[in-house]
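For reference, target_24.pdb (PDB, C-alpha atoms):
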```pdb
ATOM      1  CA  MET Y   1       0.000   0.000   0.000
ATOM      2  CA  SER Y   2       1.553   3.256  -1.043
ATOM      3  CA  LYS Y   3       1.761   6.033   1.508
ATOM      4  CA  PRO Y   4      -0.400   9.065   0.879
ATOM      5  CA  GLU Y   5       1.165  12.221  -0.418
ATOM      6  CA  PHE Y   6      -0.235  15.695  -0.769
ATOM      7  CA  VAL Y   7       0.659  17.709  -3.870
ATOM      8  CA  TYR Y   8      -0.433  21.300  -4.449
ATOM      9  CA  THR Y   9       0.519  23.557  -7.345
ATOM     10  CA  THR Y  10       0.004  27.288  -7.536
ATOM     11  CA  TYR Y  11       1.171  30.014  -9.914
ATOM     12  CA  ILE Y  12       2.358  33.338  -8.493
ATOM     13  CA  GLU Y  13       3.294  36.600 -10.170
ATOM     14  CA  THR Y  14       6.735  37.020  -8.617
ATOM     15  CA  THR Y  15      10.345  35.944  -9.211
ATOM     16  CA  PRO Y  16      11.972  32.694  -8.036
ATOM     17  CA  GLU Y  17      14.299  34.763  -5.814
ATOM     18  CA  LYS Y  18      11.444  36.581  -4.077
ATOM     19  CA  LEU Y  19       9.553  33.337  -3.609
ATOM     20  CA  TRP Y  20      12.630  31.675  -2.121
ATOM     21  CA  HIS Y  21      13.011  34.595   0.252
ATOM     22  CA  ALA Y  22       9.346  34.390   1.221
ATOM     23  CA  LEU Y  23       9.714  30.702   2.084
ATOM     24  CA  THR Y  24      12.906  31.058   4.121
ATOM     25  CA  ASP Y  25      12.782  34.452   5.866
ATOM     26  CA  GLY Y  26      11.088  34.671   9.265
ATOM     27  CA  ASP Y  27       9.947  38.281   8.827
ATOM     28  CA  PHE Y  28       8.157  37.173   5.677
ATOM     29  CA  THR Y  29       6.652  33.906   6.919
ATOM     30  CA  GLU Y  30       5.307  35.665  10.008
ATOM     31  CA  ARG Y  31       3.142  37.825   7.752
ATOM     32  CA  TYR Y  32       1.532  35.234   5.495
ATOM     33  CA  TRP Y  33       1.967  32.021   7.559
ATOM     34  CA  PHE Y  34      -0.514  33.244  10.173
ATOM     35  CA  GLY Y  35       2.161  34.461  12.589
ATOM     36  CA  HIS Y  36       4.618  31.579  12.349
ATOM     37  CA  ARG Y  37       8.239  32.752  12.021
ATOM     38  CA  VAL Y  38      10.787  30.404  10.497
ATOM     39  CA  ALA Y  39      14.495  30.404  11.347
ATOM     40  CA  SER Y  40      17.410  28.414   9.925
ATOM     41  CA  ASN Y  41      20.755  28.925   8.227
ATOM     42  CA  TRP Y  42      19.233  26.805   5.396
ATOM     43  CA  LYS Y  43      22.293  24.584   5.016
ATOM     44  CA  VAL Y  44      21.635  20.941   4.264
ATOM     45  CA  GLY Y  45      21.571  19.028   7.560
ATOM     46  CA  SER Y  46      20.846  22.125   9.642
ATOM     47  CA  PRO Y  47      17.746  22.392  11.803
ATOM     48  CA  TYR Y  48      14.934  24.796  11.053
ATOM     49  CA  ARG Y  49      12.164  25.807  13.365
ATOM     50  CA  PHE Y  50       8.923  27.732  13.122
ATOM     51  CA  THR Y  51       7.912  29.663  16.224
ATOM     52  CA  HIS Y  52       4.647  31.313  17.168
ATOM     53  CA  PRO Y  53       3.934  32.826  20.588
ATOM     54  CA  GLY Y  54       1.467  30.591  22.387
ATOM     55  CA  LYS Y  55       1.234  28.006  19.603
ATOM     56  CA  SER Y  56       3.230  24.942  18.693
ATOM     57  CA  SER Y  57       4.905  25.012  15.309
ATOM     58  CA  PRO Y  58       6.567  22.549  12.985
ATOM     59  CA  GLU Y  59      10.312  21.965  12.986
ATOM     60  CA  GLY Y  60      12.796  19.663  11.337
ATOM     61  CA  LYS Y  61      15.970  19.392   9.318
ATOM     62  CA  VAL Y  62      16.937  20.853   5.962
ATOM     63  CA  LEU Y  63      17.245  18.122   3.297
ATOM     64  CA  VAL Y  64      17.706  20.104   0.068
ATOM     65  CA  SER Y  65      18.632  23.767  -0.293
ATOM     66  CA  GLU Y  66      19.148  24.913  -3.878
ATOM     67  CA  PRO Y  67      18.149  28.583  -4.046
ATOM     68  CA  PRO Y  68      16.031  29.635  -5.843
ATOM     69  CA  LYS Y  69      14.876  26.284  -7.259
ATOM     70  CA  LYS Y  70      14.352  23.599  -4.666
ATOM     71  CA  LEU Y  71      13.913  23.462  -0.911
ATOM     72  CA  ALA Y  72      13.099  20.360   1.119
ATOM     73  CA  TYR Y  73      12.878  19.704   4.824
ATOM     74  CA  THR Y  74      11.632  17.103   7.253
ATOM     75  CA  TRP Y  75       8.446  18.014   9.070
ATOM     76  CA  ASN Y  76       7.781  17.203  12.691
ATOM     77  CA  GLY Y  77       4.187  18.129  13.332
ATOM     78  CA  CYS Y  78       2.819  20.739  15.659
ATOM     79  CA  SER Y  79       1.073  18.660  18.317
ATOM     80  CA  ASP Y  80       2.234  15.750  20.509
ATOM     81  CA  GLU Y  81      -0.088  13.522  18.549
ATOM     82  CA  THR Y  82       1.330  14.417  15.145
ATOM     83  CA  LYS Y  83       4.885  14.288  16.460
ATOM     84  CA  ARG Y  84       4.266  10.634  17.364
ATOM     85  CA  GLU Y  85       3.642   9.916  13.696
ATOM     86  CA  GLY Y  86       7.292  10.662  13.004
ATOM     87  CA  PRO Y  87       8.791  13.110  10.548
ATOM     88  CA  SER Y  88       7.277  13.561   7.123
ATOM     89  CA  ARG Y  89       8.876  15.497   4.247
ATOM     90  CA  VAL Y  90       8.034  18.746   2.479
ATOM     91  CA  THR Y  91       9.515  19.676  -0.910
ATOM     92  CA  PHE Y  92       9.101  23.039  -2.653
ATOM     93  CA  ASP Y  93       9.827  23.128  -6.390
ATOM     94  CA  ILE Y  94      10.109  26.627  -7.843
ATOM     95  CA  GLU Y  95       9.985  26.939 -11.647
ATOM     96  CA  PRO Y  96       9.830  30.125 -13.725
ATOM     97  CA  ARG Y  97       7.013  30.086 -16.327
ATOM     98  CA  GLY Y  98       7.144  33.230 -18.427
ATOM     99  CA  ASN Y  99       6.682  36.123 -16.021
ATOM    100  CA  VAL Y 100       5.099  33.979 -13.322
ATOM    101  CA  VAL Y 101       6.472  31.282 -11.046
ATOM    102  CA  LYS Y 102       5.062  27.793 -10.660
ATOM    103  CA  LEU Y 103       5.297  26.537  -7.092
ATOM    104  CA  THR Y 104       4.697  22.862  -6.371
ATOM    105  CA  VAL Y 105       4.552  21.708  -2.769
ATOM    106  CA  THR Y 106       4.826  17.962  -2.196
ATOM    107  CA  HIS Y 107       4.272  16.652   1.324
ATOM    108  CA  ASP Y 108       5.065  12.938   1.552
ATOM    109  CA  ASN Y 109       6.292  10.203   3.914
ATOM    110  CA  LEU Y 110       2.945  10.606   5.645
ATOM    111  CA  ASP Y 111       1.139   7.970   7.713
ATOM    112  CA  GLU Y 112      -1.947   6.476   6.116
ATOM    113  CA  GLY Y 113      -5.023   7.956   7.761
ATOM    114  CA  GLY Y 114      -2.834   9.937  10.157
ATOM    115  CA  LYS Y 115      -3.606  13.238  11.795
ATOM    116  CA  THR Y 116      -0.725  14.933  10.010
ATOM    117  CA  PHE Y 117      -2.154  14.104   6.596
ATOM    118  CA  ARG Y 118      -5.558  15.514   7.502
ATOM    119  CA  GLY Y 119      -4.017  18.606   9.040
ATOM    120  CA  ILE Y 120      -1.663  19.479   6.214
ATOM    121  CA  SER Y 121      -4.318  18.816   3.555
ATOM    122  CA  GLU Y 122      -6.341  21.625   5.149
ATOM    123  CA  GLY Y 123      -3.343  23.783   5.982
ATOM    124  CA  TRP Y 124      -1.341  23.999   2.752
ATOM    125  CA  PRO Y 125      -4.124  25.504   0.584
ATOM    126  CA  MET Y 126      -4.549  28.256   3.201
ATOM    127  CA  VAL Y 127      -0.864  28.990   3.642
ATOM    128  CA  LEU Y 128      -0.182  28.953  -0.097
ATOM    129  CA  ALA Y 129      -3.233  31.089  -0.906
ATOM    130  CA  SER Y 130      -2.016  33.608   1.672
ATOM    131  CA  LEU Y 131       1.554  33.478   0.301
ATOM    132  CA  LYS Y 132       0.264  34.142  -3.217
ATOM    133  CA  SER Y 133      -1.895  37.069  -2.064
ATOM    134  CA  PHE Y 134       1.008  38.492  -0.067
ATOM    135  CA  LEU Y 135       3.462  38.373  -2.961
ATOM    136  CA  GLU Y 136       0.951  39.748  -5.484
ATOM    137  CA  THR Y 137      -0.864  42.386  -3.441
ATOM    138  CA  GLY Y 138       1.469  43.094  -0.509
ATOM    139  CA  ARG Y 139      -1.306  42.016   1.853
ATOM    140  CA  PRO Y 140      -1.539  38.573   3.421
ATOM    141  CA  MET Y 141      -4.912  36.996   4.015
ATOM    142  CA  PRO Y 142      -6.567  37.722   7.367
ATOM    143  CA  ALA Y 143      -5.401  35.312  10.048
ATOM    144  CA  GLU Y 144      -9.001  34.729  11.097
ATOM    145  CA  ILE Y 145      -9.376  32.030   8.477
ATOM    146  CA  GLN Y 146      -6.931  29.817  10.304
ATOM    147  CA  SER Y 147      -9.242  29.517  13.282
ATOM    148  CA  HIS Y 148     -11.665  27.607  11.062
ATOM    149  CA  ALA Y 149      -9.213  24.806  10.522
ATOM    150  CA  ALA Y 150      -6.858  24.733  13.520
TER     151      ALA Y 150
ATOM    152  CA  MET S   1     -11.245   0.797 -11.023
ATOM    153  CA  PRO S   2     -12.039   4.511 -11.282
ATOM    154  CA  ARG S   3      -9.559   7.299 -10.797
ATOM    155  CA  PRO S   4      -9.710   9.190  -7.543
ATOM    156  CA  GLU S   5     -11.251  12.607  -7.849
ATOM    157  CA  PHE S   6      -9.174  15.727  -8.412
ATOM    158  CA  ILE S   7      -9.675  18.233  -5.591
ATOM    159  CA  TYR S   8      -8.339  21.784  -5.468
ATOM    160  CA  VAL S   9      -8.992  24.241  -2.645
ATOM    161  CA  THR S  10      -8.120  27.913  -2.636
ATOM    162  CA  TYR S  11      -9.067  31.024  -0.691
ATOM    163  CA  ILE S  12      -9.851  34.274  -2.488
ATOM    164  CA  GLU S  13     -10.391  37.758  -1.134
ATOM    165  CA  THR S  14     -13.751  38.416  -2.792
ATOM    166  CA  THR S  15     -17.459  37.799  -2.216
ATOM    167  CA  PRO S  16     -19.409  34.648  -3.142
ATOM    168  CA  GLU S  17     -21.454  36.754  -5.609
ATOM    169  CA  LYS S  18     -18.363  38.069  -7.429
ATOM    170  CA  LEU S  19     -16.825  34.619  -7.504
ATOM    171  CA  TRP S  20     -20.051  33.158  -8.892
ATOM    172  CA  HIS S  21     -20.029  35.796 -11.624
ATOM    173  CA  ALA S  22     -16.379  35.035 -12.351
ATOM    174  CA  LEU S  23     -17.175  31.339 -12.775
ATOM    175  CA  THR S  24     -20.222  31.779 -15.020
ATOM    176  CA  ASP S  25     -19.714  34.911 -17.147
ATOM    177  CA  GLY S  26     -18.022  34.256 -20.494
ATOM    178  CA  ASN S  27     -16.540  37.750 -20.735
ATOM    179  CA  PHE S  28     -14.924  37.196 -17.352
ATOM    180  CA  THR S  29     -13.710  33.626 -17.888
ATOM    181  CA  GLU S  30     -12.045  34.699 -21.127
ATOM    182  CA  ARG S  31      -9.652  36.805 -19.053
ATOM    183  CA  TYR S  32      -8.296  34.079 -16.769
ATOM    184  CA  TRP S  33      -9.187  30.759 -18.494
ATOM    185  CA  PHE S  34      -6.557  30.782 -21.256
ATOM    186  CA  GLY S  35      -8.968  32.720 -23.432
ATOM    187  CA  ALA S  36     -11.907  30.326 -23.053
ATOM    188  CA  ARG S  37     -15.401  31.810 -22.850
ATOM    189  CA  LEU S  38     -17.886  29.618 -21.005
ATOM    190  CA  ARG S  39     -21.243  29.512 -22.759
ATOM    191  CA  SER S  40     -24.442  28.342 -21.067
ATOM    192  CA  ASP S  41     -27.776  29.684 -19.850
ATOM    193  CA  TRP S  42     -26.911  27.994 -16.514
ATOM    194  CA  LYS S  43     -30.130  26.078 -16.193
ATOM    195  CA  VAL S  44     -29.969  22.484 -14.980
ATOM    196  CA  GLY S  45     -29.882  20.195 -18.017
ATOM    197  CA  SER S  46     -28.744  22.935 -20.396
ATOM    198  CA  SER S  47     -25.662  22.619 -22.542
ATOM    199  CA  PHE S  48     -22.305  23.862 -21.360
ATOM    200  CA  GLU S  49     -19.528  24.831 -23.768
ATOM    201  CA  MET S  50     -16.040  26.299 -23.681
ATOM    202  CA  VAL S  51     -15.539  28.562 -26.678
ATOM    203  CA  ARG S  52     -12.100  29.520 -28.021
ATOM    204  CA  SER S  53     -11.314  33.022 -29.261
ATOM    205  CA  ASP S  54     -11.801  31.836 -32.865
ATOM    206  CA  GLY S  55     -15.356  30.746 -32.039
ATOM    207  CA  THR S  56     -14.762  26.994 -32.076
ATOM    208  CA  VAL S  57     -15.925  24.850 -29.166
ATOM    209  CA  SER S  58     -13.093  23.081 -27.308
ATOM    210  CA  ASP S  59     -15.065  21.347 -24.548
ATOM    211  CA  ALA S  60     -18.729  20.475 -24.062
ATOM    212  CA  GLY S  61     -21.073  18.968 -21.489
ATOM    213  CA  LYS S  62     -24.191  19.684 -19.436
ATOM    214  CA  VAL S  63     -25.151  21.798 -16.466
ATOM    215  CA  VAL S  64     -25.941  19.586 -13.464
ATOM    216  CA  GLU S  65     -26.416  21.885 -10.475
ATOM    217  CA  VAL S  66     -26.997  25.644 -10.129
ATOM    218  CA  ASP S  67     -27.413  27.160  -6.669
ATOM    219  CA  PRO S  68     -26.027  30.698  -6.785
ATOM    220  CA  PRO S  69     -23.795  31.751  -5.112
ATOM    221  CA  ARG S  70     -23.065  28.442  -3.392
ATOM    222  CA  ARG S  71     -22.808  25.435  -5.705
ATOM    223  CA  LEU S  72     -22.242  25.007  -9.411
ATOM    224  CA  ALA S  73     -21.725  21.691 -11.177
ATOM    225  CA  TYR S  74     -21.347  20.696 -14.800
ATOM    226  CA  THR S  75     -19.929  17.881 -16.851
ATOM    227  CA  PHE S  76     -17.569  18.386 -19.748
ATOM    228  CA  VAL S  77     -14.992  16.671 -21.877
ATOM    229  CA  ASN S  78     -12.503  18.049 -24.356
ATOM    230  CA  LEU S  79     -13.645  17.399 -27.923
ATOM    231  CA  SER S  80     -10.224  16.837 -29.482
ATOM    232  CA  ASP S  81      -9.432  13.450 -30.964
ATOM    233  CA  LYS S  82      -7.115  12.374 -28.221
ATOM    234  CA  TYR S  83     -10.029  12.239 -25.761
ATOM    235  CA  ARG S  84     -12.598  10.783 -28.192
ATOM    236  CA  ASN S  85     -13.235   7.689 -26.053
ATOM    237  CA  GLU S  86     -13.737   9.626 -22.840
ATOM    238  CA  PHE S  87     -16.979  10.500 -21.108
ATOM    239  CA  PRO S  88     -17.710  13.916 -19.634
ATOM    240  CA  ALA S  89     -16.558  14.064 -16.003
ATOM    241  CA  LEU S  90     -18.313  16.083 -13.309
ATOM    242  CA  ALA S  91     -16.803  19.331 -12.003
ATOM    243  CA  THR S  92     -18.397  20.743  -8.846
ATOM    244  CA  PHE S  93     -17.569  24.164  -7.406
ATOM    245  CA  VAL S  94     -18.471  24.876  -3.782
ATOM    246  CA  LEU S  95     -18.237  28.499  -2.589
ATOM    247  CA  GLU S  96     -18.151  29.131   1.161
ATOM    248  CA  PRO S  97     -17.767  32.535   2.805
ATOM    249  CA  TYR S  98     -14.799  32.619   5.205
ATOM    250  CA  GLY S  99     -14.785  35.990   6.924
ATOM    251  CA  LYS S 100     -13.556  38.430   4.264
ATOM    252  CA  LEU S 101     -12.602  35.538   2.003
ATOM    253  CA  VAL S 102     -14.302  32.853   0.012
ATOM    254  CA  LYS S 103     -13.153  29.252   0.197
ATOM    255  CA  LEU S 104     -13.464  27.676  -3.228
ATOM    256  CA  THR S 105     -13.417  23.896  -3.468
ATOM    257  CA  LEU S 106     -13.337  22.273  -6.877
ATOM    258  CA  THR S 107     -13.962  18.545  -7.135
ATOM    259  CA  HIS S 108     -13.605  16.930 -10.549
ATOM    260  CA  GLU S 109     -14.635  13.283 -10.611
ATOM    261  CA  GLY S 110     -15.832  10.349 -12.662
ATOM    262  CA  PHE S 111     -12.701   9.597 -14.673
ATOM    263  CA  ALA S 112     -11.743   6.166 -15.940
ATOM    264  CA  GLU S 113      -8.493   4.704 -14.611
ATOM    265  CA  ASP S 114      -6.608   5.317 -17.868
ATOM    266  CA  SER S 115      -8.135   8.753 -18.502
ATOM    267  CA  LYS S 116      -5.844  11.120 -20.398
ATOM    268  CA  PHE S 117      -8.296  13.886 -19.743
ATOM    269  CA  TYR S 118      -7.625  13.462 -16.003
ATOM    270  CA  SER S 119      -3.947  14.278 -16.452
ATOM    271  CA  GLY S 120      -4.939  17.259 -18.601
ATOM    272  CA  ILE S 121      -7.304  18.773 -16.036
ATOM    273  CA  SER S 122      -4.826  18.081 -13.211
ATOM    274  CA  LYS S 123      -2.411  20.439 -14.943
ATOM    275  CA  GLY S 124      -5.027  22.910 -16.090
ATOM    276  CA  TRP S 125      -7.001  23.638 -12.914
ATOM    277  CA  PRO S 126      -4.119  24.911 -10.740
ATOM    278  CA  ALA S 127      -3.186  27.391 -13.485
ATOM    279  CA  ILE S 128      -6.780  28.516 -14.180
ATOM    280  CA  LEU S 129      -7.707  28.892 -10.516
ATOM    281  CA  SER S 130      -4.414  30.686  -9.704
ATOM    282  CA  SER S 131      -5.157  33.158 -12.470
ATOM    283  CA  LEU S 132      -8.760  33.556 -11.242
ATOM    284  CA  LYS S 133      -7.515  34.379  -7.724
ATOM    285  CA  SER S 134      -5.065  36.948  -9.098
ATOM    286  CA  LEU S 135      -7.732  38.562 -11.270
ATOM    287  CA  LEU S 136     -10.203  38.917  -8.397
ATOM    288  CA  GLU S 137      -7.589  40.188  -5.946
ATOM    289  CA  THR S 138      -5.392  42.397  -8.124
ATOM    290  CA  GLY S 139      -7.579  43.169 -11.147
ATOM    291  CA  GLN S 140      -5.105  41.405 -13.429
ATOM    292  CA  PRO S 141      -5.001  37.734 -14.433
ATOM    293  CA  LEU S 142      -1.716  35.842 -14.626
ATOM    294  CA  GLU S 143       0.082  35.517 -17.930
ATOM    295  CA  ILE S 144       0.860  31.835 -17.750
ATOM    296  CA  PRO S 145       2.159  30.590 -21.104
ATOM    297  CA  TYR S 146      -0.192  27.790 -22.197
ATOM    298  CA  ALA S 147       2.825  25.773 -23.328
ATOM    299  CA  ALA S 148       4.182  25.936 -19.772
ATOM    300  CA  LEU S 149       1.529  23.462 -18.657
ATOM    301  CA  LYS S 150       3.376  20.798 -20.646
ATOM    302  CA  PHE S 151       0.460  18.653 -21.726
ATOM    303  CA  GLU S 152       1.641  15.346 -23.102
ATOM    304  CA  ASN S 153       1.013  14.641 -26.808
TER     305      ASN S 153
END
```
Go through the file and emit its structure as structure tokens.
Amino acid sequence: MSKPEFVYTTYIETTPEKLWHALTDGDFTERYWFGHRVASNWKVGSPYRFTHPGKSSPEGKVLVSEPPKKLAYTWNGCSDETKREGPSRVTFDIEPRGNVVKLTVTHDNLDEGGKTFRGISEGWPMVLASLKSFLETGRPMPAEIQSHAA
Amino acid sequence: MPRPEFIYVTYIETTPEKLWHALTDGNFTERYWFGARLRSDWKVGSSFEMVRSDGTVSDAGKVVEVDPPRRLAYTFVNLSDKYRNEFPALATFVLEPYGKLVKLTLTHEGFAEDSKFYSGISKGWPAILSSLKSLLETGQPLEIPYAALKFEN
């Protein structure tokens, strides 16, 4: 039985460099990722960690770091329950397409029927919709939407 | 053994009424749908067509559900030779208000296991719905080169 994977593609009017920056810079992620700041030196093997006051956030290890084309990291979930499922993997593929950028997020190594899979299937469309709005309009989406799914 | 359905969710800063208009008005779809105008009177059972800029029909099917501004469903299949053995599959749009946003969920289902049309729509929807979100939020659609979707054959 193959393990489930979640794949989501979006197209954003930006450059690969700006998108890379948006994915890896804490000041940026805080604005569109509903308050979660990311920090890492983004070297392969290094840890990364999201932080959010009063909330638990994902963390893990950098697996691939090829700016501005490919970023991959392990993903240890936010709650005790999802952490028990063990680390999954997130890969961002960034490809220029004319004057827009195609972003494909693949989240795999997930447990069948696990809480992580359900959570990230709800979460990625929100985070990536907010990222797209932020890069195109300068405004992220209101954080209130996250309360519907948390 | 049927294919699993294709599901795409996005959130758009707009109203359900504007999003409904964007999904059903041919002048509007032409701007974000790679030039395709949707043509229908949007009554259940009526015909549904995608019309290219040269006036030819690329895709056709039937309207299945119309509940503005909440649910819209229609079947369609591309009329080109490479899909000639395929049946129209069902695309359902669900629009839900989410504070100042609208959550749009597209479910496209009813494909045969070996459906080529399924791989086509899997590439097409993320581009079309990304461009729709941009158009509603910024006033401008995306300029995604059609060739960039890399359809096989």
Practice problem: Within 9 Å of Asp114 in chain S, counting all atoms listed in the file, which residues show up once you throw out same-chain ones fewer than 3 positions away? Write them as a ChimeraX atom specification, please. | Solution: /S:2-3,111,117-118
Quiz item: Which value, in Å to one decimal, gives the distance between CA of Leu128 in chain Y and CA of Pro126 in chain S?
Solution: 12.0 Å
Quiz item: Which residues fall under the PyMOL selection byres ((chain S and resi 139) around 12) in this file, as a list in words?
Solution: Glu136 and Thr137 of chain Y; Glu13, Thr14, Phe28, Arg31, Tyr32, Ser131, Leu132, Lys133, Ser134, Leu135, Leu136, Glu137, Thr138, Gln140, Pro141 and Leu142 of chain S
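Considering the residues Y:Ser130, Y:Thr51, Y:Thr74, Y:Thr15 and counting all atoms listed in the file, Tyr32 in chain Y has its shortest atom-to-atom contact with Y:Ser130.
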Quick check: residues of chain S within 6 Å of chain Y, only C-alpha atoms, returned as a PDB file with C-alpha atoms, in the coordinates of the input.
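Output below, filename iface29.pdb:
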```pdb
ATOM      1  CA  VAL S   9      -8.992  24.241  -2.645  1.00  0.00           C
ATOM      2  CA  THR S  10      -8.120  27.913  -2.636  1.00  0.00           C
ATOM      3  CA  TYR S  11      -9.067  31.024  -0.691  1.00  0.00           C
ATOM      4  CA  PRO S 126      -4.119  24.911 -10.740  1.00  0.00           C
ATOM      5  CA  SER S 130      -4.414  30.686  -9.704  1.00  0.00           C
TER       6      SER S 130
END
```
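Note that the spacing between CA of Trp75 in chain Y and CA of Ala39 in chain Y amounts to 14.0 Å.
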Quiz item: Between S:Arg39, S:His108, S:Lys103, S:Lys116, which is the closest to Asn85 in chain S once you count only C-alpha atoms?
Solution: S:Lys116
Self-check item: Between CA of Ala112 in chain S and CA of Trp125 in chain S, distance in Å (one decimal)
Solution: 18.4 Å
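Residues in contact range of range 68-74 of chain S, defined as at most 8 Å between all atoms listed in the file, with sequence neighbours fewer than 5 positions away removed, read Pro16, Glu17, Leu19, Trp20, Phe48, Gly61, Lys62, Val63, Leu90, Ala91, Thr92, Phe93, Val94, Leu95 and Glu96 of chain S.
What the PyMOL selection byres ((chain S and resi 82) around 12) picks from this file is Val77, Asn78, Leu79, Ser80, Asp81, Tyr83, Arg84, Asn85, Glu86, Ser115, Lys116, Phe117, Gly120, Phe151, Glu152 and Asn153 of chain S.
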Exercise. Would you write out, as a ChimeraX atom specification, every residue that the PyMOL selection byres ((chain S and resi 101) around 6) captures in this file?
Key: /S:12-14,98-100,102
Taking (2.0, 16.3, 0.3) in the file's coordinates, which residues come within 8 Å, counting all atoms listed in the file, written as a short mmCIF file (atom, residue, chain, number, x, y, z; two decimals) with C-alpha atoms, keeping the file's coordinate frame?
```cif
data_model
loop_
_atom_site.label_atom_id
_atom_site.label_comp_id
_atom_site.auth_asym_id
_atom_site.auth_seq_id
_atom_site.Cartn_x
_atom_site.Cartn_y
_atom_site.Cartn_z
CA PRO Y 4 -0.40 9.06 0.88
CA GLU Y 5 1.16 12.22 -0.42
CA PHE Y 6 -0.24 15.70 -0.77
CA VAL Y 7 0.66 17.71 -3.87
CA TYR Y 8 -0.43 21.30 -4.45
CA ARG Y 89 8.88 15.50 4.25
CA VAL Y 90 8.03 18.75 2.48
CA VAL Y 105 4.55 21.71 -2.77
CA THR Y 106 4.83 17.96 -2.20
CA HIS Y 107 4.27 16.65 1.32
CA ASP Y 108 5.07 12.94 1.55
CA LEU Y 110 2.94 10.61 5.64
CA PHE Y 117 -2.15 14.10 6.60
CA ILE Y 120 -1.66 19.48 6.21
CA SER Y 121 -4.32 18.82 3.56
#
```
Self-check item: Given all atoms listed in the file as the counted atoms, nearest of S:Ser40, S:Thr56, S:Thr105, S:Ser47 to Thr24 in chain S
Solution: S:Ser40
Quiz item: Which residues come within 12 Å of Ser53 in chain S, counting all atoms listed in the file, excluding same-chain residues fewer than 4 positions away, as a VMD selection string?
Solution: chain S and resid 26 to 27 29 to 31 33 to 38 57 to 58
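Distances here use all atoms listed in the file; by that measure, the residue among Y:Asn109, Y:Ser79, Y:Thr104, Y:Thr24 closest to Pro58 in chain Y is Y:Ser79.
Distances from S:Gly124, S:Thr107, S:Ala148, S:Pro97 to Lys18 in chain S were compared using only C-alpha atoms, and the smallest one belongs to S:Pro97.
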Exercise. Please tell me which residues are no farther than 10 Å from (3.4, 37.0, 8.7) in the file, counting all atoms listed in the file, and write them as a ChimeraX atom specification.
Key: /Y:22,26-37,130-131,134,139-141,143
